[in-house]
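S.K.: This structure is in structure tokens; I'll ask about it shortly.
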Amino acid sequence: MDPIHLSDELRLLQRQVRRFVDDTVIPNGAAWEAAGMIPREVLRRMGALGFFGIRCPEAYGGSAMNALASVAFAEELARCTYGGFTITALVHTDMATPHIVRAGSDDQKRRYLPAIVKGDIITAIAVTEPDAGSDVQGLRTTARRDGNGWVLNGAKRFITNGVHGDLYIVAARTDTSVKPSRGMSMFLVERRTPGVTVARKLDKMGWLCSDTAEIVFEEARLPADALLGEEGKGFYAVMDNFQNERLVAAALYVGEAAKAIEITLDYVTTRKAFGGTLWDKQVVRQRLAMLESQVEALRHLVYHTAFMDSQGLDCVKEVSMAKAWGGELVNEVIHGCLQFHGGMGIMRESAIERMARDARVHTIGGGATEVMLEEVAKRMLP
């Protein structure tokens, strides 16, 4: 059942993404997992296909589409079964680059966006710290004025695209005398800036082809025009983009869950057991039918919320619902599907095993389930 808001244009986008996944991602994903990174030429190809410019202005090579395009793109991309590949692309397109689109000066946009759209520059969002995850107000990284520029000090952790990316969008406190929500600013920091160090590449349970870094800033000197947007408005920029980030994450969950069910249907309709196929067992059919029902319901919530966003409507409650429910549901679906694979479900050669590892982060990253439910709860009372 296609959501009512999935237009012919968006179906075309999804067909293009599916072709790219079938031709490029699935044949090479295992090698990327082993290498722990996505080759830059693959990302440049995505840029050439127009995938990195979906939400960027036409003046810089983008197609200036809305949130509906982002969720259509994310859902289809997530069906590749390599979560590390999916998150590498989506951090670039929907979690980091939108900060430049929304708050960048004309000069900053001219300098960075054309290369971002082409895949020549890959972006990362550097907010999370050792002592500040979902609680953004707890961050300690600072940026102080120094002559005609800034000096950045601090550390960031769990930064996707942090090792091989080129441009970090960094949140730092520029006024420590006020509460963080009023004294935080955003900065454009090129990875090769003196004083910026990738302290280590982090070894993860899943997302193996996505590079994740711990980054240290030690007296890193930035030019005056490294400030992104208004000074002191960084907290609100992060909170604003969280809505797009979380909505796209929920679309990712739909794609992964739907693919898990598709893979499992192929398996249970051919796997022989007890005188028939697994599909012949009522408990298997009905369990998969219930999971399919829930994924379909999540898909419609995601697209409805994206439509609300495209109309400029307040959808924080709906985004939080989709992120919370989706993160839990994709784990329920994938682990349920793994169970029906029996022993094959825990073999490294099985896609469902990889998907199970990759999915575990979904109740944590981008806003833990518990944080999302508090956002919903705050909006339940008059």
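Residue numbering restarts at 1 for every chain of the structure tokens, chains are lettered A, B, ... in their displayed order, and ligands are numbered from 1 as they appear.
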Could you pull out the strand (DSSP E or B) residues of range 212-285 of chain A, going by DSSP on the backbone, and write them as a ChimeraX atom specification?

M.R.: /A:212-223,227-228,272-273,276-277

S.K.: What are the closest atom pairs, with distances in Å to one decimal, for each residue of range 190-246 of chain A lying within 10 Å of range 104-127 of chain A, using only C-alpha atoms, rows by chain and rising residue number, as a tab-separated table?

M.R.:
```
residue	atom	partner	partner_atom	distance
A:Glu190	CA	A:Thr123	CA	9.3
A:Arg191	CA	A:Thr123	CA	9.7
A:Thr212	CA	A:Ala124	CA	10.0
A:Ala213	CA	A:Ala126	CA	9.8
A:Glu214	CA	A:Ala126	CA	9.7
A:Ile215	CA	A:Ala126	CA	8.6
A:Asp225	CA	A:Gln108	CA	8.0
A:Ala226	CA	A:Gln108	CA	8.5
A:Leu227	CA	A:Gly104	CA	8.9
A:Leu228	CA	A:Gly104	CA	5.7
A:Gly229	CA	A:Gly104	CA	6.0
A:Glu230	CA	A:Gly104	CA	9.6
A:Phe235	CA	A:Val127	CA	10.0
A:Val238	CA	A:Val127	CA	8.4
```

S.K.: Determine the nearest neighbour of Cys337 in chain A from the options A:Lys233, A:Arg287, A:Arg144, A:His92, counting only C-alpha atoms.

M.R.: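 When distances to Cys337 in chain A are compared using only C-alpha atoms, the smallest one comes from A:Arg287.
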
S.K.: For each of A:Ala220, A:Met321, A:Val284, A:Ala143, take the minimum atom-to-atom distance to Leu301 in chain A, counting only C-alpha atoms, then give the residue where this is smallest.

M.R.: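 Using only C-alpha atoms, the shortest distance to Leu301 in chain A belongs to A:Met321.
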
S.K.: To one decimal place, how far is CA of Tyr168 in chain A from CA of Val189 in chain A in Å?

M.R.: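 Calculated distance between CA of Tyr168 in chain A and CA of Val189 in chain A is 5.1 Å.
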
S.K.: Calculate how many Å separate CA of Ser181 in chain A from CA of Val361 in chain A, rounding to one decimal.

M.R.: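 Pair CA of Ser181 in chain A / CA of Val361 in chain A returns 26.5 Å.
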
S.K.: Compile the contact shell of Met65 in chain A as a compact mmCIF listing (two decimals) with C-alpha atoms, in the first residue's frame: residues with an atom at most 7 Å away, counting only C-alpha atoms, same-chain residues fewer than 4 positions apart removed.

M.R.:
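out24.txt, freshly written:
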```
# COMPACT_ATOMS: atom_id res chain seq x y z
CA ILE A 54 17.51 16.36 -2.83
CA ARG A 55 17.07 19.07 -0.18
CA ALA A 69 11.50 13.26 -0.81
```

S.K.: Got a sec: who's within 12 Å of range 270-272 of chain A, counting only C-alpha atoms, leaving out chain neighbours fewer than 4 positions off, as an MDAnalysis selection string?

M.R.: chainID A and resid 263:266 276:281 340:342 344

S.K.: Kindly indicate which residue among A:Met372, A:Leu13, A:Val295, A:Ala289 lies nearest to Ala72 in chain A, using only C-alpha atoms for the distances.

M.R.: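 Closest to Ala72 in chain A of all the choices is A:Leu13.
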